[in-house]
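Pasted below: protein-v2.csv, CSV, C-alpha atoms and all ligand atoms.
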```
chain,number,residue,atom,x,y,z
B,1,MET,CA,124.8,95.2,56.8
B,2,SER,CA,126.5,92.5,58.8
B,3,ILE,CA,128.8,89.9,57.3
B,4,PHE,CA,127.1,87.4,59.6
B,5,LYS,CA,123.6,85.8,59.6
B,6,SER,CA,121.3,88.5,61.0
B,7,HIS,CA,120.0,86.3,63.9
B,8,ILE,CA,123.5,85.8,65.1
B,9,THR,CA,124.2,89.5,65.3
B,10,ARG,CA,120.9,90.1,67.1
B,11,MET,CA,121.7,87.4,69.8
B,12,SER,CA,123.4,88.2,73.2
B,13,ALA,CA,126.4,86.3,74.4
B,14,TYR,CA,126.0,84.0,77.4
B,15,THR,CA,128.1,85.8,79.9
B,16,PRO,CA,127.9,84.3,83.4
B,17,PRO,CA,129.6,86.4,86.1
B,18,LEU,CA,133.0,84.7,86.1
B,19,GLU,CA,135.4,87.6,86.6
B,20,GLY,CA,136.9,88.4,90.0
B,21,ARG,CA,136.1,85.0,91.5
B,22,ASP,CA,139.1,83.8,93.5
B,23,PRO,CA,139.1,80.6,95.5
B,24,HIS,CA,141.9,82.0,97.7
B,25,HIS,CA,139.8,84.9,98.7
B,26,HIS,CA,136.2,83.7,98.3
B,27,LEU,CA,134.1,80.8,99.3
B,28,LEU,CA,132.6,80.1,95.8
B,29,LEU,CA,129.1,78.9,96.2
B,30,ASP,CA,127.9,80.5,92.9
B,31,PHE,CA,128.7,78.0,90.1
B,32,ASN,CA,127.9,74.6,91.6
B,33,GLU,CA,131.6,73.8,91.5
B,34,ARG,CA,133.5,71.5,93.9
B,35,THR,CA,134.6,73.8,96.7
B,36,LEU,CA,137.8,71.9,97.4
B,37,PRO,CA,140.9,71.4,95.2
B,38,VAL,CA,141.5,68.2,93.3
B,39,SER,CA,143.7,65.4,94.6
B,40,GLU,CA,147.5,65.3,94.5
B,41,HIS,CA,147.4,62.5,91.9
B,42,VAL,CA,145.7,64.8,89.5
B,43,LYS,CA,148.0,67.7,90.1
B,44,GLN,CA,151.1,65.5,89.8
B,45,ALA,CA,149.9,64.0,86.5
B,46,LEU,CA,149.6,67.5,85.1
B,47,ILE,CA,153.0,68.5,86.3
B,48,ASN,CA,154.6,65.3,84.9
B,49,TYR,CA,152.9,65.9,81.6
B,50,ILE,CA,154.3,69.4,81.4
B,51,ASN,CA,157.8,68.3,82.4
B,52,ASP,CA,157.7,65.5,79.8
B,53,ASP,CA,158.0,68.1,77.0
B,54,ARG,CA,155.0,67.0,74.9
B,55,LEU,CA,153.2,70.4,74.6
B,56,GLN,CA,154.3,70.7,71.0
B,57,VAL,CA,152.4,67.6,69.9
B,58,TYR,CA,148.7,67.4,69.0
B,59,PRO,CA,146.6,65.7,71.6
B,60,SER,CA,145.9,61.9,71.5
B,61,TYR,CA,143.6,60.3,74.0
B,62,GLY,CA,144.9,56.7,74.4
B,63,ASP,CA,142.5,54.6,76.5
B,64,LEU,CA,140.6,57.6,78.0
B,65,THR,CA,137.3,56.7,76.3
B,66,ARG,CA,137.5,53.1,77.6
B,67,LYS,CA,138.3,54.3,81.1
B,68,ILE,CA,135.3,56.7,81.1
B,69,ALA,CA,133.1,53.9,79.7
B,70,ASP,CA,134.2,51.5,82.5
B,71,TYR,CA,133.4,54.2,85.0
B,72,ALA,CA,130.0,54.7,83.5
B,73,GLY,CA,129.3,51.0,83.2
B,74,ILE,CA,128.8,51.0,79.5
B,75,ASN,CA,130.6,50.0,76.3
B,76,GLU,CA,133.4,52.2,74.8
B,77,THR,CA,131.4,52.5,71.5
B,78,GLN,CA,128.7,54.3,73.5
B,79,VAL,CA,130.9,57.2,74.5
B,80,MET,CA,132.2,60.4,72.9
B,81,ILE,CA,134.4,62.7,74.8
B,82,THR,CA,133.7,66.5,74.4
B,83,ASN,CA,135.2,69.8,75.4
B,84,GLY,CA,133.0,70.1,78.5
B,85,SER,CA,129.4,69.0,78.4
B,86,ASP,CA,128.5,72.3,76.8
B,87,GLN,CA,130.1,71.0,73.6
B,88,GLY,CA,128.1,67.8,73.8
B,89,ILE,CA,124.9,69.9,74.2
B,90,ASP,CA,125.9,72.0,71.2
B,91,ILE,CA,126.8,69.1,69.0
B,92,ILE,CA,123.6,67.2,69.8
B,93,ILE,CA,121.4,70.2,69.0
B,94,ARG,CA,123.3,70.9,65.8
B,95,ALA,CA,123.1,67.3,64.7
B,96,ALA,CA,119.3,66.9,65.4
B,97,CYS,CA,117.7,70.2,64.5
B,98,THR,CA,117.5,72.6,61.6
B,99,GLU,CA,116.1,76.1,61.3
B,100,ASP,CA,112.5,76.5,62.4
B,101,ASP,CA,112.3,73.1,64.1
B,102,GLU,CA,110.8,73.1,67.6
B,103,ILE,CA,112.8,72.2,70.7
B,104,ILE,CA,111.2,71.7,74.1
B,105,ILE,CA,113.2,73.1,76.9
B,106,PRO,CA,111.4,73.0,80.2
B,107,GLY,CA,112.4,76.0,82.3
B,108,PRO,CA,113.8,77.7,84.2
B,109,THR,CA,116.9,75.8,83.3
B,110,PHE,CA,120.6,76.0,82.3
B,111,ALA,CA,121.2,78.8,79.8
B,112,MET,CA,123.3,76.9,77.2
B,113,TYR,CA,120.3,75.0,75.8
B,114,HIS,CA,118.7,78.3,74.7
B,115,GLN,CA,121.9,79.7,73.5
B,116,CYS,CA,122.5,76.6,71.2
B,117,ALA,CA,118.9,76.6,70.1
B,118,ASN,CA,119.0,80.3,69.2
B,119,ILE,CA,122.2,79.8,67.1
B,120,GLU,CA,120.3,77.1,65.1
B,121,LYS,CA,117.3,79.4,64.8
B,122,LEU,CA,115.0,77.0,66.5
B,123,ASN,CA,111.5,77.7,68.0
B,124,ILE,CA,111.8,77.1,71.7
B,125,VAL,CA,108.8,75.7,73.6
B,126,GLU,CA,109.2,76.2,77.4
B,127,PRO,CA,106.9,74.3,79.8
B,128,ASP,CA,107.4,75.3,83.5
B,129,TYR,CA,108.9,73.3,86.3
B,130,THR,CA,107.2,73.9,89.6
B,131,ARG,CA,108.4,73.6,93.1
B,132,GLU,CA,105.5,71.5,94.1
B,133,THR,CA,105.1,69.1,91.1
B,134,GLY,CA,108.6,69.2,89.6
B,135,PHE,CA,109.2,68.2,86.0
B,136,PRO,CA,106.1,69.0,83.8
B,137,VAL,CA,105.9,65.6,82.1
B,138,ASN,CA,102.3,65.9,80.8
B,139,THR,CA,102.9,69.4,79.5
B,140,VAL,CA,106.0,68.2,77.7
B,141,LEU,CA,104.1,65.3,76.1
B,142,ALA,CA,101.3,67.6,75.1
B,143,ALA,CA,103.7,70.1,73.5
B,144,ILE,CA,105.1,67.6,71.0
B,145,THR,CA,104.2,68.4,67.4
B,146,PRO,CA,105.4,67.1,64.0
B,147,LYS,CA,108.0,70.0,64.1
B,148,THR,CA,109.5,68.9,67.4
B,149,ARG,CA,113.0,67.5,66.9
B,150,LEU,CA,114.5,67.6,70.4
B,151,ILE,CA,113.4,67.6,74.1
B,152,VAL,CA,115.8,68.6,76.9
B,153,ILE,CA,115.7,67.0,80.2
B,154,ALA,CA,118.2,68.2,82.8
B,155,ASN,CA,118.4,65.5,85.5
B,156,PRO,CA,118.7,67.0,88.0
B,157,ASN,CA,117.8,70.4,86.7
B,158,ASN,CA,119.7,73.6,87.2
B,159,PRO,CA,118.8,76.0,89.0
B,160,SER,CA,115.9,74.1,90.6
B,161,GLY,CA,117.7,70.9,91.5
B,162,THR,CA,114.6,68.9,90.5
B,163,GLN,CA,115.1,65.2,90.0
B,164,ILE,CA,113.2,63.7,87.1
B,165,ASN,CA,111.6,60.3,87.5
B,166,ARG,CA,113.2,57.6,85.4
B,167,GLU,CA,109.7,56.5,84.3
B,168,ASP,CA,108.9,60.0,83.1
B,169,ILE,CA,112.0,60.0,80.9
B,170,LEU,CA,111.3,56.6,79.5
B,171,THR,CA,107.6,57.5,78.8
B,172,ILE,CA,108.8,60.5,76.8
B,173,ALA,CA,111.4,58.4,75.0
B,174,ARG,CA,108.8,55.8,74.1
B,175,SER,CA,106.1,58.3,73.1
B,176,ALA,CA,108.5,60.2,70.7
B,177,PRO,CA,110.9,57.5,69.3
B,178,ASP,CA,111.9,59.8,66.4
B,179,ILE,CA,112.7,62.8,68.5
B,180,ALA,CA,116.1,63.2,70.2
B,181,LEU,CA,115.9,63.3,74.0
B,182,LEU,CA,118.9,65.1,75.5
B,183,VAL,CA,119.2,64.0,79.1
B,184,ASP,CA,121.8,66.2,80.8
B,185,GLU,CA,123.3,64.3,83.7
B,186,CYS,CA,125.8,67.0,84.7
B,187,TYR,CA,125.1,66.4,88.4
B,188,PHE,CA,124.9,62.6,88.1
B,189,GLU,CA,127.4,61.9,90.9
B,190,TYR,CA,125.2,63.7,93.3
B,191,SER,CA,121.9,62.3,92.2
B,192,GLN,CA,123.0,58.9,91.1
B,193,ALA,CA,120.0,58.9,88.7
B,194,THR,CA,120.9,57.8,85.2
B,195,VAL,CA,119.4,56.3,82.1
B,196,ALA,CA,122.8,55.2,80.8
B,197,ASP,CA,121.8,51.6,81.2
B,198,VAL,CA,119.0,51.8,78.6
B,199,VAL,CA,120.7,53.7,75.7
B,200,MET,CA,120.6,50.5,73.5
B,201,GLU,CA,116.9,50.0,74.1
B,202,TYR,CA,116.1,53.7,73.5
B,203,PRO,CA,118.3,54.9,70.6
B,204,ASN,CA,116.7,58.4,70.8
B,205,ILE,CA,118.3,59.1,74.2
B,206,LEU,CA,121.5,61.1,74.3
B,207,ILE,CA,123.1,61.7,77.7
B,208,THR,CA,125.6,64.5,78.5
B,209,ARG,CA,127.9,64.3,81.5
B,210,THR,CA,130.9,66.2,82.8
B,211,PHE,CA,134.0,66.2,84.9
B,212,SER,CA,133.4,69.9,85.8
B,213,LYS,CA,131.4,69.5,88.9
B,214,THR,CA,132.1,66.7,91.4
B,215,TRP,CA,135.5,65.9,89.9
B,216,GLY,CA,136.5,69.5,90.3
B,217,LEU,CA,138.0,70.1,86.8
B,218,PRO,CA,135.8,72.8,85.1
B,219,SER,CA,138.9,74.8,84.2
B,220,ILE,CA,140.3,72.2,81.8
B,221,ARG,CA,137.0,71.2,80.2
B,222,LEU,CA,136.0,67.5,79.8
B,223,GLY,CA,132.5,66.1,79.2
B,224,TYR,CA,131.2,63.1,77.5
B,225,VAL,CA,128.1,61.9,75.6
B,226,ILE,CA,126.6,58.5,76.2
B,227,SER,CA,124.3,57.1,73.5
B,228,HIS,CA,123.7,54.3,71.0
B,229,PRO,CA,126.9,53.6,69.0
B,230,ASP,CA,125.2,54.7,65.8
B,231,ASN,CA,124.5,58.1,67.3
B,232,ILE,CA,128.1,58.3,68.7
B,233,SER,CA,129.5,57.7,65.2
B,234,ALA,CA,127.3,60.4,63.7
B,235,LEU,CA,128.2,62.9,66.4
B,236,LEU,CA,131.9,62.2,65.9
B,237,ASN,CA,131.4,63.6,62.4
B,238,ILE,CA,130.8,67.0,64.0
B,239,ARG,CA,133.4,67.0,66.9
B,240,GLY,CA,136.9,68.0,65.8
B,241,PRO,CA,139.8,65.6,66.3
B,242,TYR,CA,141.6,67.9,68.8
B,243,ASP,CA,138.6,69.6,70.5
B,244,VAL,CA,139.5,68.0,73.9
B,245,ASN,CA,142.9,69.3,75.1
B,246,GLN,CA,145.6,67.1,76.4
B,247,PHE,CA,145.5,68.5,79.9
B,248,ALA,CA,141.9,67.4,80.3
B,249,ALA,CA,142.8,63.9,79.1
B,250,VAL,CA,145.8,63.6,81.4
B,251,ALA,CA,144.0,65.0,84.5
B,252,ILE,CA,140.8,63.0,84.1
B,253,SER,CA,142.7,59.8,83.4
B,254,ALA,CA,144.5,60.3,86.7
B,255,ALA,CA,141.3,61.3,88.5
B,256,LEU,CA,139.6,58.0,87.3
B,257,ASP,CA,142.6,56.0,88.7
B,258,HIS,CA,141.9,57.4,92.2
B,259,PRO,CA,138.2,58.3,92.4
B,260,GLU,CA,138.1,58.3,96.2
B,261,TYR,CA,138.5,62.1,96.5
B,262,THR,CA,135.3,62.5,94.5
B,263,HIS,CA,133.3,59.9,96.3
B,264,GLN,CA,134.3,61.3,99.7
B,265,TYR,CA,133.3,64.8,98.7
B,266,VAL,CA,130.0,63.7,97.3
B,267,ARG,CA,129.2,61.8,100.5
B,268,GLU,CA,130.0,64.8,102.7
B,269,VAL,CA,128.0,67.3,100.6
B,270,MET,CA,124.9,65.0,100.2
B,271,GLU,CA,124.9,63.3,103.6
B,272,GLU,CA,126.1,66.2,105.9
B,273,SER,CA,126.1,69.6,104.3
B,274,LYS,CA,122.9,69.5,102.3
B,275,PRO,CA,120.7,68.1,105.1
B,276,LEU,CA,122.2,70.6,107.6
B,277,PHE,CA,121.4,73.5,105.2
B,278,GLU,CA,117.9,72.2,104.4
B,279,GLN,CA,117.2,71.9,108.1
B,280,PHE,CA,118.4,75.5,108.7
B,281,LEU,CA,116.1,76.8,105.9
B,282,ASP,CA,113.1,74.7,107.3
B,283,GLN,CA,113.6,76.2,110.8
B,284,LEU,CA,113.4,79.7,109.3
B,285,ALA,CA,110.5,78.8,107.1
B,286,ILE,CA,112.5,79.9,104.0
B,287,PRO,CA,111.0,78.1,101.0
B,288,PHE,CA,113.4,76.2,98.7
B,289,TRP,CA,113.0,73.8,95.8
B,290,PRO,CA,113.7,70.1,96.5
B,291,SER,CA,117.1,69.3,95.1
B,292,ALA,CA,118.9,66.2,94.1
B,293,ALA,CA,122.1,68.1,93.4
B,294,ASN,CA,124.8,70.0,95.3
B,295,PHE,CA,122.9,73.2,95.3
B,296,ILE,CA,119.7,74.6,96.7
B,297,TRP,CA,117.5,77.3,95.2
B,298,ALA,CA,116.1,79.2,98.2
B,299,PHE,CA,113.6,82.1,98.3
B,300,PRO,CA,114.2,84.3,101.4
B,301,ASP,CA,112.1,87.5,101.7
B,302,ASN,CA,115.3,89.6,101.3
B,303,PRO,CA,117.6,87.9,98.8
B,304,ASP,CA,119.5,91.0,98.0
B,305,VAL,CA,120.4,91.8,101.6
B,306,ILE,CA,121.6,88.2,102.2
B,307,GLU,CA,123.5,88.1,98.9
B,308,GLN,CA,125.3,91.4,99.7
B,309,HIS,CA,126.1,90.4,103.3
B,310,LEU,CA,127.5,87.1,102.1
B,311,ARG,CA,129.5,88.8,99.4
B,312,SER,CA,130.9,91.3,101.9
B,313,HIS,CA,132.3,88.3,103.9
B,314,GLY,CA,133.7,86.7,100.8
B,315,ILE,CA,130.9,84.2,100.1
B,316,LEU,CA,129.5,84.2,96.6
B,317,VAL,CA,126.1,82.8,95.8
B,318,ARG,CA,124.0,83.2,92.6
B,319,PRO,CA,120.8,85.3,92.4
B,320,LYS,CA,118.3,83.5,90.0
B,321,SER,CA,114.7,84.5,89.4
B,322,ASP,CA,111.8,82.0,88.9
B,323,GLN,CA,109.3,82.2,86.1
B,324,ALA,CA,107.1,84.6,88.1
B,325,GLY,CA,110.1,86.9,88.4
B,326,ARG,CA,110.6,86.2,92.1
B,327,LYS,CA,114.3,86.4,93.0
B,328,GLY,CA,115.9,83.5,94.8
B,329,LEU,CA,119.4,82.5,95.6
B,330,ARG,CA,121.0,79.4,94.1
B,331,ILE,CA,123.5,78.3,96.7
B,332,THR,CA,126.1,75.6,96.1
B,333,LEU,CA,127.0,73.4,99.1
B,334,GLY,CA,130.5,72.6,100.0
B,335,ASP,CA,132.0,70.7,102.8
B,336,ILE,CA,130.5,70.7,106.3
B,337,ALA,CA,132.8,73.5,107.7
B,338,GLN,CA,132.0,75.7,104.7
B,339,THR,CA,128.3,75.0,105.2
B,340,ARG,CA,128.5,76.0,108.9
B,341,GLN,CA,130.3,79.2,107.8
B,342,LEU,CA,127.5,79.9,105.3
B,343,ILE,CA,124.7,79.3,107.8
B,344,HIS,CA,126.5,81.6,110.3
B,345,ARG,CA,126.7,84.4,107.7
B,346,VAL,CA,123.0,84.0,106.6
B,347,GLN,CA,121.9,84.2,110.2
B,348,GLU,CA,123.9,87.4,110.7
B,349,ALA,CA,122.3,88.9,107.5
B,350,LEU,CA,118.8,87.9,108.8
B,351,SER,CA,119.5,89.4,112.2
B,352,THR,CA,120.3,92.8,110.6
B,353,THR,CA,116.9,92.7,108.9
B,354,GLY,CA,115.1,91.5,112.0
B,355,ASP,CA,113.9,88.3,110.2
B,356,ALA,CA,115.9,85.8,112.2
I,401,LIG,C1,122.7,71.4,83.8
I,401,LIG,C2,124.1,71.8,83.4
I,401,LIG,N1,124.6,71.2,82.2
I,401,LIG,C3,125.8,71.5,81.7
I,401,LIG,C4,126.6,72.4,82.4
I,401,LIG,C5,127.9,72.7,81.7
I,401,LIG,O1,129.0,71.9,82.2
I,401,LIG,P1,130.4,71.9,81.5
I,401,LIG,O2,131.3,72.6,82.4
I,401,LIG,O3,130.7,70.4,81.4
I,401,LIG,O4,130.3,72.5,80.1
I,401,LIG,C6,126.2,73.0,83.6
I,401,LIG,C7,127.1,73.9,84.2
I,401,LIG,O5,126.7,74.6,85.1
I,401,LIG,C8,124.9,72.7,84.1
I,401,LIG,O6,124.5,73.2,85.2
```

Could you take the file, read its structure, and then write that structure out as structure tokens?
Amino acid sequence: MSIFKSHITRMSAYTPPLEGRDPHHHLLLDFNERTLPVSEHVKQALINYINDDRLQVYPSYGDLTRKIADYAGINETQVMITNGSDQGIDIIIRAACTEDDEIIIPGPTFAMYHQCANIEKLNIVEPDYTRETGFPVNTVLAAITPKTRLIVIANPNNPSGTQINREDILTIARSAPDIALLVDECYFEYSQATVADVVMEYPNILITRTFSKTWGLPSIRLGYVISHPDNISALLNIRGPYDVNQFAAVAISAALDHPEYTHQYVREVMEESKPLFEQFLDQLAIPFWPSAANFIWAFPDNPDVIEQHLRSHGILVRPKSDQAGRKGLRITLGDIAQTRQLIHRVQEALSTTGDA
């Protein structure tokens, strides 16, 4: 007999393949991270903080929330900072749902939604995204029942990269005003698609965002929730006062003072690397899902051979299967030189299988 709730003991941990990844020895195209280090301003701010002998003091965040609100073009009262956007997702699901409620999570998608839903013992309804038609808006609307408490919309979705129409999000928000709508804008800087401007009109919308991806700071964990101020006050009742560590606050504050390094990187990935890689896949007639983010989910005939060949040359990508069980490779795009290197190694792998 376990000392814990039985459903918790029966669950499996979410264990993404993190070990052994080394940016000095690998080209990391497997976690949708930024592939280049952060700017000198950010590094210097962290060094200064350590040298200032304040590690013995609990964190305090000063004007960080206001700076993030200014960046996002909203009011400070509409923001809550979190320990990565994973914590925002967890807090929103805990705040909105109780055991046996229904949660609609269109899939395939990011694993943490299922993990948090399973911890709360929710019933998961999972309509399918498709490569051809994208987000299943009608199936989502049809799946709403009196037991539905939350709908997840990852915009753009991971691993598919699918961008969701703003009108589809607002239609769902209007059709289900008493149901929480979690809009995960983790890849916002790439897609530039947001509903942050309408959170006052639609108080059931809760947006999560992060500094893990474009800003290049997943190691120190900072995310934020954007929503109506009443929701933010309620969610703050759950988040602990020190859940965000001081390194995150220091680094992100410095990053927001000099955002050029992020903008330049986003421009290179979206305007140079991604079109080049898409053109390469098109030439070889390798199917892939249309993506609004910094990654492409591609379905070559021989994903294992390609993955192994890339790995043997220090390039890591992420195998991910679709709902039909067909294995694809989710490949993060980095700068243009890295993308040329990637293309060269994929070509090599295909020539060994005679598919090039
Ligand atoms: C769609 C999506 N949401 C959230 C996250 C988690 O990001 P964070 O590092 O902010 O917890 C990820 C990470 O891969 C993601 O793909």

Quiz prompt | Near-segment 329-341 of chain B list (6 Å; all atoms listed in the file; drop same-chain fewer than 2 positions) as a PyMOL selection string | solution = chain B and resi 29+32+35+269+273+294-298+317-320+343-344

Quiz item: Of the candidates B:Gln44, B:Gln115, B:Asn237, B:Thr130, which one gets nearest to Asp322 of chain B if we count only C-alpha atoms?
Solution: B:Thr130

Quiz prompt | Nearest to ligand LIG 401 (chain I), chosen from B:Glu120, B:Glu132, B:Asp184, B:Asp168, with only C-alpha atoms and all ligand atoms counted in the distances | solution = B:Asp184

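Taking atom CA of Val183 of chain B as the reference point, atom CA of Thr208 of chain B is found at 6.4 Å.
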
How close does segment 166-240 of chain B get to segment 89-112 of chain B? List, as a tab-separated table, each residue of segment 166-240 of chain B within 10 Å, its nearest atom pair and the distance in Å to one decimal, counting only C-alpha atoms.
```
residue	atom	partner	partner_atom	distance
B:Ile179	CA	B:Ala96	CA	8.4
B:Ala180	CA	B:Ala96	CA	6.9
B:Leu181	CA	B:Ile92	CA	9.6
B:Leu182	CA	B:Ile92	CA	7.7
B:Val183	CA	B:Ile89	CA	9.6
B:Asp184	CA	B:Ile89	CA	8.2
B:Leu206	CA	B:Ile92	CA	7.9
B:Ile207	CA	B:Ile89	CA	9.1
B:Thr208	CA	B:Ile89	CA	6.9
B:Arg209	CA	B:Ile89	CA	9.7
B:Gly223	CA	B:Ile89	CA	9.9
B:Tyr224	CA	B:Ile89	CA	9.8
B:Val225	CA	B:Ile89	CA	8.7
B:Asn231	CA	B:Ile92	CA	9.5
B:Ala234	CA	B:Ala95	CA	8.1
B:Leu235	CA	B:Ile91	CA	6.9
B:Leu236	CA	B:Ile91	CA	9.1
B:Asn237	CA	B:Ala95	CA	9.4
B:Ile238	CA	B:Ile91	CA	6.7
B:Arg239	CA	B:Ile91	CA	7.2
```
